[in-house]
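Undergrad: Encoded as structure tokens, here's the structure I'll be asking about.
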Amino acid sequence: MRALNTFGIVIVLGLLSAQAAAFNAAAQTSPAQSQPAKQVEVAPVSAASLSNAKAFAAKGKLDQALSELETLSRVQPEEKGVERLRGIVLYQKEMLPEALLAFARAVEQDSTDHESMEMQGITLYRLGRPDEAIPLLEKADTEVTGANADPKYVLGLCYTDAKRYDDARRAFAAQFGFQPDSAEAYLAAARLFLRRDFADEARRFAQKAVEINPSLPLTHQLLGEIALAKADLPLAVKELETERKLNPMNGEMYDRLGDAYVRNGQFEEARQALNKAILLEPNATGPYILLGEALVNLNEPIQALHYLNRAVTMDPGNYVTHTVLGQAYRAMGQVSEANREYKLAVAIQHKGDPKPPQSKE
């Protein structure tokens with residue numbers, strides 16, 4: 001048996017004292033009078049222990065909370081809420097198989113415990129078992145959750161992995177409060193599909209959003225991003241230019257459009273787009289790097305250095321910045337500076353690579 005902590009010892013001593021008092025009282029009363037006295041003592045101790053475990057968990061003292069729950073689990077029948085709290089604590093400790101067992105026990109003890117049911121589903125999803133998670137998340141009351149994860153969103157991810165794309169759209173629509181067949185619902189689903197590398201479905205759903213509402217902002221931007229990912233540069237430029245007409249103050253769109261222009265060899269157009277991106281999104285490094293690359297290709301390396309050095313200040317660990325800096329220095333004829341930047345870029349890029357084994361002489 002595990003050693004009890006201080007709080008557990010106090011509880012046990014209290015129980016022993018209470019039992020001794022009840023035994024002495026029983027010597028002076030009839031058996032019918034002594035029975036209720038024994039039943040009264042257990043419930044307050046269980047409530048106190050669970051309350052203490054909740055207090056530990058709320059303060060982030062997860063091991064102490066588990067210790068309290070372990071003590072409490074020895075009291076039979078086990079108090080309602082013990083396994084749910086154990087599951088939540090284990091989930092927070094990233095002990096997912098153990099958390100899954102605790103949530104399953106909680107649901108087995110109380111079939112109306114929807115919080116444990118949905119956490120069981122969320123845990124199954126995180127364990128790579130979306131098909132098993134779906135019925136639990138569908139059945140659970142999804143208005144409240146205990147682990148800062150929205151079950152509607154997780155249900156949508158499960159549907160996505162199960163290739164139930166329209167069900168995923170409806171779940172994501174519920175997450176954002178959209179009508180399930182609206183252009184917004186199709187756009188939300190398309191963006192979340194792309195985030196999980198379902199590019200073909202993302203494009204199909206984004207195109208459906210355009211059919212429903214051709215003027216919906218961000219739809220053409222998403223189609224442009226998908227085209228960029230597939231290296232279809234003319235289509236990327238077309239979609240992003242369409243987005244610019246619909247949403248001309250979107251800094252992220254100018255960043256993507258500048259990227260498409262640079263890749264397509266349209267360096268002057270890239271300069272104009274990326275200047276707008278920097279004005280609208282001054283804290284994003286991407287536009288500074290892309291603008292530096294465009295300026296190098298426009299034979300303006302001195303100007304390129306200004307933007308690239310700013311990018312280095314913002315993010316010194318980006319190897320792409322140092323690579324383009326090397327190009328700028330080379331264009332200026334500063335070979336040693338160029339080589340320094342190239343070496344630095346290679347060192348950053350391969351920083352995490354395993355070292356080759358050293359030869360024994």
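Letters A, B, ... go to the chains of the structure tokens in the order shown; residues in each chain start at 1; ligands are counted from 1 in the same order.
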Can you tell me, as an MDAnalysis selection string, what residues are no more than 10 Å from Gly286 of chain A when counting only C-alpha atoms, ignoring any on the same chain fewer than 6 positions away?

TA: chainID A and resid 252 255:256 258:259 274 277:278 292 311 320:321

Undergrad: Contacts of segment 180-193 of chain A at 8 Å or less, counting only C-alpha atoms, minus same-chain residues fewer than 3 places along, as a VMD selection string?

TA: chain A and resid 160 168 to 170 172 to 174 196 to 199 201 to 206 208 to 210 212 to 213 216 219 222

Undergrad: Please, what distance in Å, to one decimal, runs between atom CA of Lys93 of chain A and atom CA of Glu108 of chain A?

TA: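 Between these atoms lies a distance of 22.8 Å.
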
Undergrad: Considering only C-alpha atoms, state which residue in the set A:Tyr254, A:Val89, A:Asn297, A:Glu83 is at the smallest distance from Lys61 of chain A.

TA: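 The answer is A:Val89, which sits nearest to Lys61 of chain A.
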
Undergrad: For Glu341 of chain A, which residue out of A:Pro282, A:Gly317, A:Gly81, A:Gly177 is the nearest one, using only C-alpha atoms?

TA: A:Gly317

Undergrad: Between segment 53-96 of chain A and segment 111-117 of chain A, at 10 Å or less, what are the per-residue closest atom pairs and their distances in Å? Count only C-alpha atoms, order by chain and rising residue number, and return it as a Markdown table.

TA:
| residue | atom | partner | partner_atom | distance |
| --- | --- | --- | --- | --- |
| A:Lys80 | CA | A:Asp113 | CA | 9.6 |
| A:Gly81 | CA | A:Asp113 | CA | 9.0 |
| A:Glu83 | CA | A:Ser116 | CA | 8.7 |
| A:Arg84 | CA | A:Ser116 | CA | 5.8 |
| A:Leu85 | CA | A:Ser116 | CA | 9.0 |
| A:Gly87 | CA | A:Ser116 | CA | 8.0 |
| A:Ile88 | CA | A:Ser116 | CA | 8.7 |
